[in-house]
Structure formats: C-alpha cells, structure tokens
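Undergrad: Sharing data-v2.cif (mmCIF, C-alpha atoms) below.
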```cif
data_upload
loop_
_atom_site.label_atom_id
_atom_site.label_comp_id
_atom_site.auth_asym_id
_atom_site.auth_seq_id
_atom_site.Cartn_x
_atom_site.Cartn_y
_atom_site.Cartn_z
CA MET Y 15 41.49 57.60 159.52
CA SER Y 16 45.12 58.51 159.23
CA ARG Y 17 48.06 58.57 161.56
CA ASN Y 18 51.49 60.13 161.37
CA MET Y 19 54.44 58.07 162.50
CA GLY Y 20 57.59 60.08 163.04
CA GLY Y 21 59.97 57.34 164.12
CA GLY Y 22 62.68 56.18 161.76
CA ARG Y 23 64.03 52.66 161.49
CA TYR Y 24 66.64 50.74 159.61
CA GLY Y 25 66.00 47.74 157.43
CA ASP Y 26 67.30 44.39 158.54
CA ARG Y 27 68.41 42.49 155.51
CA GLY Y 28 70.27 42.88 152.23
CA GLU Y 29 70.50 46.31 150.67
CA ARG Y 30 67.81 47.53 153.04
CA SER Y 31 70.34 47.44 155.88
CA GLU Y 32 72.17 50.38 154.30
CA LEU Y 33 69.09 52.59 154.13
CA ALA Y 34 67.12 54.46 156.75
CA ASP Y 35 63.37 54.49 156.21
CA ARG Y 36 60.72 56.68 157.75
CA VAL Y 37 56.99 55.99 157.81
CA VAL Y 38 55.50 59.44 157.27
CA ARG Y 39 51.84 58.51 157.13
CA VAL Y 40 49.55 55.49 157.14
CA ASN Y 41 46.03 56.06 155.86
CA ARG Y 42 43.13 53.64 156.22
CA VAL Y 43 40.42 53.58 153.56
CA ALA Y 44 37.08 51.83 154.07
CA LYS Y 45 35.01 50.68 151.10
CA VAL Y 46 31.38 49.78 151.75
CA VAL Y 47 30.33 46.66 149.86
CA LYS Y 48 27.49 44.19 150.05
CA GLY Y 49 27.88 42.35 153.30
CA GLY Y 50 30.04 44.90 155.12
CA ARG Y 51 33.11 47.06 154.71
CA LYS Y 52 36.51 46.31 153.21
CA PHE Y 53 39.56 48.07 154.56
CA SER Y 54 42.75 48.91 152.73
CA PHE Y 55 45.80 50.91 153.73
CA SER Y 56 48.15 53.33 151.99
CA ALA Y 57 51.56 54.19 153.42
CA LEU Y 58 53.82 57.12 152.56
CA ILE Y 59 57.46 56.05 153.05
CA VAL Y 60 60.70 58.04 152.80
CA VAL Y 61 63.98 56.16 152.30
CA GLY Y 62 67.53 57.57 152.37
CA ASP Y 63 71.14 56.58 152.88
CA MET Y 64 71.86 59.53 155.23
CA ASN Y 65 74.56 60.60 152.77
CA GLY Y 66 72.89 62.64 150.04
CA ARG Y 67 70.43 60.16 148.51
CA VAL Y 68 66.72 60.09 149.31
CA GLY Y 69 63.45 58.93 147.78
CA ALA Y 70 59.76 58.58 148.62
CA GLY Y 71 57.01 56.18 147.64
CA ILE Y 72 53.41 55.26 148.35
CA GLY Y 73 52.35 51.67 148.88
CA LYS Y 74 48.79 50.34 148.96
CA ALA Y 75 47.63 46.98 150.30
CA ARG Y 76 45.08 45.21 152.49
CA GLU Y 77 47.62 45.01 155.34
CA VAL Y 78 49.70 47.80 156.88
CA THR Y 79 52.97 45.86 156.75
CA GLU Y 80 52.49 45.02 153.08
CA ALA Y 81 51.65 48.65 152.27
CA ILE Y 82 54.85 49.77 154.00
CA ARG Y 83 56.90 47.17 152.12
CA LYS Y 84 55.48 48.28 148.78
CA GLY Y 85 56.10 51.92 149.66
CA MET Y 86 59.74 51.15 150.47
CA GLU Y 87 60.24 49.40 147.15
CA VAL Y 88 58.79 52.37 145.25
CA ALA Y 89 60.91 54.81 147.26
CA LYS Y 90 64.13 52.88 146.56
CA ARG Y 91 63.40 52.93 142.82
CA ASN Y 92 62.90 56.70 142.87
CA MET Y 93 65.88 57.92 144.88
CA ILE Y 94 67.55 61.21 143.95
CA THR Y 95 70.96 62.67 144.75
CA VAL Y 96 70.99 65.87 146.79
CA PRO Y 97 73.91 68.33 146.27
CA MET Y 98 75.37 69.30 149.63
CA VAL Y 99 78.00 71.70 150.95
CA GLY Y 100 79.31 70.24 154.17
CA THR Y 101 76.24 69.56 156.30
CA THR Y 102 73.86 71.96 154.56
CA ILE Y 103 72.46 72.73 151.10
CA PRO Y 104 74.21 74.92 148.49
CA HIS Y 105 71.69 77.77 148.38
CA ALA Y 106 68.18 78.86 149.30
CA VAL Y 107 65.27 77.62 147.20
CA GLU Y 108 61.51 78.14 147.10
CA TYR Y 109 59.26 75.65 145.37
CA LYS Y 110 55.54 75.17 144.74
CA TRP Y 111 53.90 71.81 144.13
CA GLY Y 112 50.13 71.94 143.90
CA ALA Y 113 48.90 73.72 147.00
CA ALA Y 114 52.19 73.12 148.83
CA ARG Y 115 54.72 75.96 148.97
CA ILE Y 116 58.03 75.35 150.71
CA MET Y 117 61.22 77.25 151.41
CA LEU Y 118 64.65 75.76 152.15
CA LYS Y 119 67.62 77.82 153.35
CA PRO Y 120 71.20 76.80 154.15
CA ALA Y 121 72.31 77.17 157.76
CA ALA Y 122 75.59 77.46 159.65
CA PRO Y 123 77.10 74.33 161.25
CA GLY Y 124 75.45 73.51 164.56
CA THR Y 125 72.06 74.95 163.62
CA GLY Y 126 70.42 71.57 163.25
CA VAL Y 127 67.32 70.66 161.25
CA ILE Y 128 64.74 73.38 161.76
CA SER Y 129 61.81 71.61 160.21
CA GLY Y 130 58.79 69.55 161.05
CA GLY Y 131 56.42 66.90 159.80
CA ALA Y 132 56.90 65.39 156.39
CA MET Y 133 59.72 67.77 155.41
CA ARG Y 134 61.84 66.65 158.34
CA ALA Y 135 61.56 63.02 157.28
CA VAL Y 136 62.96 63.82 153.82
CA ILE Y 137 65.71 66.11 155.09
CA GLU Y 138 66.95 63.78 157.84
CA THR Y 139 67.03 60.66 155.70
CA ALA Y 140 68.94 62.63 153.04
CA GLY Y 141 71.66 63.32 155.61
CA ILE Y 142 71.26 67.11 155.77
CA LYS Y 143 72.16 68.21 159.30
CA ASP Y 144 71.89 72.02 159.17
CA ILE Y 145 68.97 73.69 157.38
CA LEU Y 146 66.12 76.15 157.85
CA THR Y 147 62.75 75.31 156.31
CA LYS Y 148 59.23 76.67 156.10
CA SER Y 149 56.06 75.12 154.68
CA HIS Y 150 53.12 77.21 153.52
CA GLY Y 151 49.74 76.25 152.13
CA THR Y 152 48.54 72.68 152.44
CA ASN Y 153 49.58 70.37 155.25
CA ASN Y 154 49.00 67.31 153.06
CA PRO Y 155 52.13 65.20 153.70
CA ILE Y 156 52.11 63.69 150.20
CA ASN Y 157 52.31 67.06 148.46
CA THR Y 158 54.79 68.34 151.05
CA VAL Y 159 57.12 65.37 150.49
CA ARG Y 160 56.88 65.72 146.71
CA ALA Y 161 57.55 69.46 146.89
CA THR Y 162 60.56 68.91 149.15
CA LEU Y 163 62.07 66.29 146.84
CA ALA Y 164 61.47 68.48 143.77
CA ALA Y 165 63.07 71.45 145.52
CA LEU Y 166 66.13 69.38 146.47
CA GLN Y 167 66.47 68.29 142.83
CA THR Y 168 66.78 71.93 141.71
CA LEU Y 169 69.83 72.55 143.91
CA LYS Y 170 73.24 73.10 142.29
CA THR Y 171 76.65 73.59 143.86
CA ALA Y 172 78.94 76.46 142.92
CA ALA Y 173 81.16 74.02 141.02
CA GLN Y 174 78.21 72.79 138.95
CA VAL Y 175 77.08 76.34 138.12
CA ALA Y 176 80.65 77.35 137.27
CA GLU Y 177 80.99 74.39 134.92
CA LEU Y 178 77.73 75.30 133.17
CA ARG Y 179 78.94 78.88 132.69
CA GLY Y 180 82.46 77.92 131.70
CA LYS Y 181 84.07 79.72 134.64
CA ASP Y 182 86.15 78.91 137.69
CA VAL Y 183 84.53 78.82 141.10
CA GLU Y 184 86.82 81.64 142.27
CA GLN Y 185 85.57 83.89 139.47
CA MET Y 186 82.02 83.45 140.67
CA VAL Y 187 82.26 83.53 144.47
CA GLY Y 188 85.75 84.86 145.25
CA LYS Y 189 88.80 83.17 146.73
CA ARG Y 190 87.60 83.01 150.33
CA LEU Y 191 84.27 81.35 149.58
CA ALA Y 192 85.89 79.11 146.97
CA ALA Y 193 88.32 77.93 149.65
CA ALA Y 194 85.39 77.25 151.97
CA TYR Y 195 83.77 75.13 149.27
CA LYS Y 196 86.96 73.12 148.82
CA GLY Y 197 87.44 72.71 152.55
CA VAL Y 198 90.80 74.50 152.49
CA GLU Y 199 89.91 77.09 155.09
CA PRO Y 200 89.94 75.67 158.64
CA ALA Y 201 86.65 75.91 160.52
CA SER Y 202 88.28 77.87 163.38
CA SER Y 203 90.29 80.33 161.25
CA SER Y 204 87.72 83.09 161.64
CA PRO Y 205 85.19 84.04 164.32
CA HIS Y 206 82.61 84.05 161.55
CA SER Y 207 83.78 80.86 159.88
CA GLY Y 208 80.52 79.17 160.78
CA GLU Y 209 78.75 81.60 158.47
CA VAL Y 210 81.05 80.96 155.52
CA THR Y 211 79.29 77.82 154.36
CA ALA Y 212 75.87 79.45 154.36
CA LYS Y 213 77.23 82.54 152.56
CA ALA Y 214 79.07 80.45 150.00
CA ALA Y 215 75.93 78.45 149.46
CA GLY Y 216 73.98 81.42 148.21
CA ALA Y 217 76.78 83.09 146.26
CA ALA Y 218 76.61 80.68 143.34
CA THR Y 219 73.08 81.66 142.43
CA ARG Y 220 73.95 85.36 142.56
CA GLY Y 221 77.17 85.01 140.54
#
```
Can you dump the structure from the file as structure tokens?
TA:
Amino acid sequence: MSRNMGGGRYGDRGERSELADRVVRVNRVAKVVKGGRKFSFSALIVVGDMNGRVGAGIGKAREVTEAIRKGMEVAKRNMITVPMVGTTIPHAVEYKWGAARIMLKPAAPGTGVISGGAMRAVIETAGIKDILTKSHGTNNPINTVRATLAALQTLKTAAQVAELRGKDVEQMVGKRLAAAYKGVEPASSSPHSGEVTAKAAGAATRG
C-alpha cells in the first residue's frame, strides 16, 4: 500500500528550520515470516531552501516517522543548486531517466507552477515560481523526482555558457536580453516585458 502526501512542512529545530520538506510518498511493505507479517515503511522526501537549492532522499524504517527522518537526512546530504533567471529557469530542457521522460520550460512572471505530483514537490521546494512542465512515461514518483533533479542539474545560465565559450553575454543574446538577465530593464518598460525572461532563458542554448 502506498499513499501520496502533497502537503509541505517546515522543520522545527536547528538547520532544519531553514528548509522546507515535502513528503512525496510513503510506501508500506509487508514481509511474511513465521508467526505473522512484519511491516516496514519507505518514505520519499524532497527538501529545499526555497531559494535555488533542493534535494531528495529515500528513508526506510519500521516506523513512518523514522523513515521520514532518514529520508530528510539523505535529502539534505544530496542537495543541488538550481540556476535560475528571476523566478523561472534559464532555458527549456527535456530529460529521460529510466522510463520517466520529463520536459521543463521557462515561463513568464505570473504564470505560476504548472506541474503536478512529484515534479511539483521538487520545483516548489527549489523556489521556482514560474515554470511549465510535462511528464511522460512512468508515473513512478521515485523516477520522476530523480529525472526532475537530473534535468535541473543540466541547466546553465547565459552567463555560464558565455564564460565557457569565452564570450560576453551580449554577444550571445543581444543587448536587450542581456539587460533583462542583469535586471537593468524595468519590468514595465515594454508591454511584452513579461516575455523577456522566458525568451532570454532560451537564447543561451541557441547562441
């Protein structure tokens, strides 16, 4: 038996107080032994600081609370940094992990998190506020979470790509988009300014 728990919560002591954690799934496993059945639990936990860092872990124990605690410890040891442009991601990305195939696309400010299930838990705890996502293939939350984290690790900002190529950001994306990256251009300076971030996000990979 398994159950999905979508609610997030904040830890209550020490370093845990700075992190948001989400219980994605709790799975109960029954082992038949002489004299009856023994139950154990596994918990898939996502932890993030809501500011560009996120991680996931699986904890196993005889009790649900202990499985969740172990999952949180594993997740905190495996946190990654997600490159962001404002409130969205730098560019679109597609990734395959096992039978899970996911797609992430940047979105204009105000779009919100268009996602569901396990992907939403990763994206929200990472602090991404505007994004479009799609999940194909398996609905296994473990593979979906791993695919989402791996996809986020492949992201690069225009500045990072420019540094790798030995160029300036303006040479790759133009002055207007470079200004949007640096936050020089006011959000209300153009009727289409909301689209600038999403356009700038994809320009780096095409440059």
Undergrad: At most 12 Å is the cut-off: for each residue in stretch 52-90 of chain Y with any atom that close to an atom of stretch 153-171 of chain Y, write down the nearest atom pair and the distance in Å rounded to one decimal, counting only C-alpha atoms, chain first then increasing number, as a tab-separated table.
TA:
```
residue	atom	partner	partner_atom	distance
Y:Ser56	CA	Y:Ile156	CA	11.2
Y:Ala57	CA	Y:Ile156	CA	10.0
Y:Leu58	CA	Y:Ile156	CA	7.2
Y:Ile59	CA	Y:Val159	CA	9.7
Y:Val60	CA	Y:Val159	CA	8.5
Y:Val61	CA	Y:Val159	CA	11.6
Y:Gly62	CA	Y:Leu163	CA	11.7
Y:Gly66	CA	Y:Leu166	CA	10.2
Y:Arg67	CA	Y:Leu166	CA	10.4
Y:Val68	CA	Y:Leu163	CA	8.1
Y:Gly69	CA	Y:Leu163	CA	7.5
Y:Ala70	CA	Y:Val159	CA	7.5
Y:Gly71	CA	Y:Ile156	CA	9.3
Y:Ile72	CA	Y:Ile156	CA	8.7
Y:Ala89	CA	Y:Leu163	CA	11.5
```
Undergrad: What would the file look like if the residues just selected were written as a JSON list (two decimals), in the coordinates of the input with C-alpha atoms?
TA:
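Below is the file that was written, part_13.json:
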```json
[["chain", "number", "residue", "atom", "x", "y", "z"],
["Y", 56, "SER", "CA", 48.15, 53.33, 151.99],
["Y", 57, "ALA", "CA", 51.56, 54.19, 153.42],
["Y", 58, "LEU", "CA", 53.82, 57.12, 152.56],
["Y", 59, "ILE", "CA", 57.46, 56.05, 153.05],
["Y", 60, "VAL", "CA", 60.70, 58.04, 152.80],
["Y", 61, "VAL", "CA", 63.98, 56.16, 152.30],
["Y", 62, "GLY", "CA", 67.53, 57.57, 152.37],
["Y", 66, "GLY", "CA", 72.89, 62.64, 150.04],
["Y", 67, "ARG", "CA", 70.43, 60.16, 148.51],
["Y", 68, "VAL", "CA", 66.72, 60.09, 149.31],
["Y", 69, "GLY", "CA", 63.45, 58.93, 147.78],
["Y", 70, "ALA", "CA", 59.76, 58.58, 148.62],
["Y", 71, "GLY", "CA", 57.01, 56.18, 147.64],
["Y", 72, "ILE", "CA", 53.41, 55.26, 148.35],
["Y", 89, "ALA", "CA", 60.91, 54.81, 147.26]]
```
Undergrad: Measuring atom to atom with all atoms listed in the file, identify which of Y:Arg39, Y:Ala122, Y:Ile94, Y:His105 is nearest to Y:Gly73.
TA: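 Between Y:Arg39, Y:Ala122, Y:Ile94, Y:His105, the residue approaching Y:Gly73 most closely is Y:Arg39.
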Undergrad: Which distance in Å separates atom CA of Y:Ala173 and atom CA of Y:Val107, to one decimal?
TA: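 The value is 17.4 Å.
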Undergrad: What is the distance, in Å and to one decimal place, between atom CA of Y:Ala75 and atom CA of Y:Leu33?
TA: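 Separation of atom CA of Y:Ala75 and atom CA of Y:Leu33: 22.5 Å.
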Undergrad: Figure out the distance between atom CA of Y:Ser149 and atom CA of Y:Met117, please, to one decimal in Å.
TA: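 About the pair atom CA of Y:Met117 and atom CA of Y:Ser149: they are 6.5 Å apart.
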Undergrad: What residues come out when you apply the PyMOL selection byres ((chain Y and resi 114) around 6) to this file, written as an MDAnalysis selection string?
TA: chainID Y and resid 110:113 115 151:152 158
Undergrad: Please write the residues from the selection above to a file, keeping C-alpha atoms, as a PDB file, keeping the file's coordinate frame.
TA:
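again27.pdb, freshly written:
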```
ATOM      1  CA  LYS Y 110      55.540  75.170 144.740  1.00  0.00           C
ATOM      2  CA  TRP Y 111      53.900  71.810 144.130  1.00  0.00           C
ATOM      3  CA  GLY Y 112      50.130  71.940 143.900  1.00  0.00           C
ATOM      4  CA  ALA Y 113      48.900  73.720 147.000  1.00  0.00           C
ATOM      5  CA  ARG Y 115      54.720  75.960 148.970  1.00  0.00           C
ATOM      6  CA  GLY Y 151      49.740  76.250 152.130  1.00  0.00           C
ATOM      7  CA  THR Y 152      48.540  72.680 152.440  1.00  0.00           C
ATOM      8  CA  THR Y 158      54.790  68.340 151.050  1.00  0.00           C
TER       9      THR Y 158
END
```
Undergrad: Can you work out which one of Y:Lys74, Y:Pro123, Y:Pro104, Y:Val136 has the shortest atom-to-atom distance to Y:Ser54, counting only C-alpha atoms?
TA: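 Ranking Y:Lys74, Y:Pro123, Y:Pro104, Y:Val136 by distance to Y:Ser54, first place goes to Y:Lys74.
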Undergrad: From the options Y:Val38, Y:Glu32, Y:Val46, Y:Glu108, which residue's atoms come nearest to Y:Gly130, counting all atoms listed in the file?
TA: Y:Val38
Undergrad: Out of Y:Lys143, Y:Arg36, Y:Arg134, Y:Lys148, which residue has the shortest atom-to-atom distance to Y:Arg83 when counting only C-alpha atoms?
TA: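 Nearest to Y:Arg83: Y:Arg36.
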Undergrad: Would you kindly return, as number ranges by chain, each protein, DNA or RNA residue with an atom no farther than 6 Å from any atom of Y:Lys119, considering all atoms listed in the file and excluding same-chain residues fewer than 3 positions away?
TA: Y: 106, 145-146
Undergrad: Using only C-alpha atoms, can you tell me which of Y:His150, Y:Arg51, Y:Lys84, Y:Arg42 comes closest to Y:Ile116?
TA: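 When distances to Y:Ile116 are compared using only C-alpha atoms, the smallest one comes from Y:His150.
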Undergrad: Have a look at Y:Ala81, Y:Val47, Y:Val40, Y:Met64 and name the one nearest to Y:Thr139; count all atoms listed in the file.
TA: Y:Met64
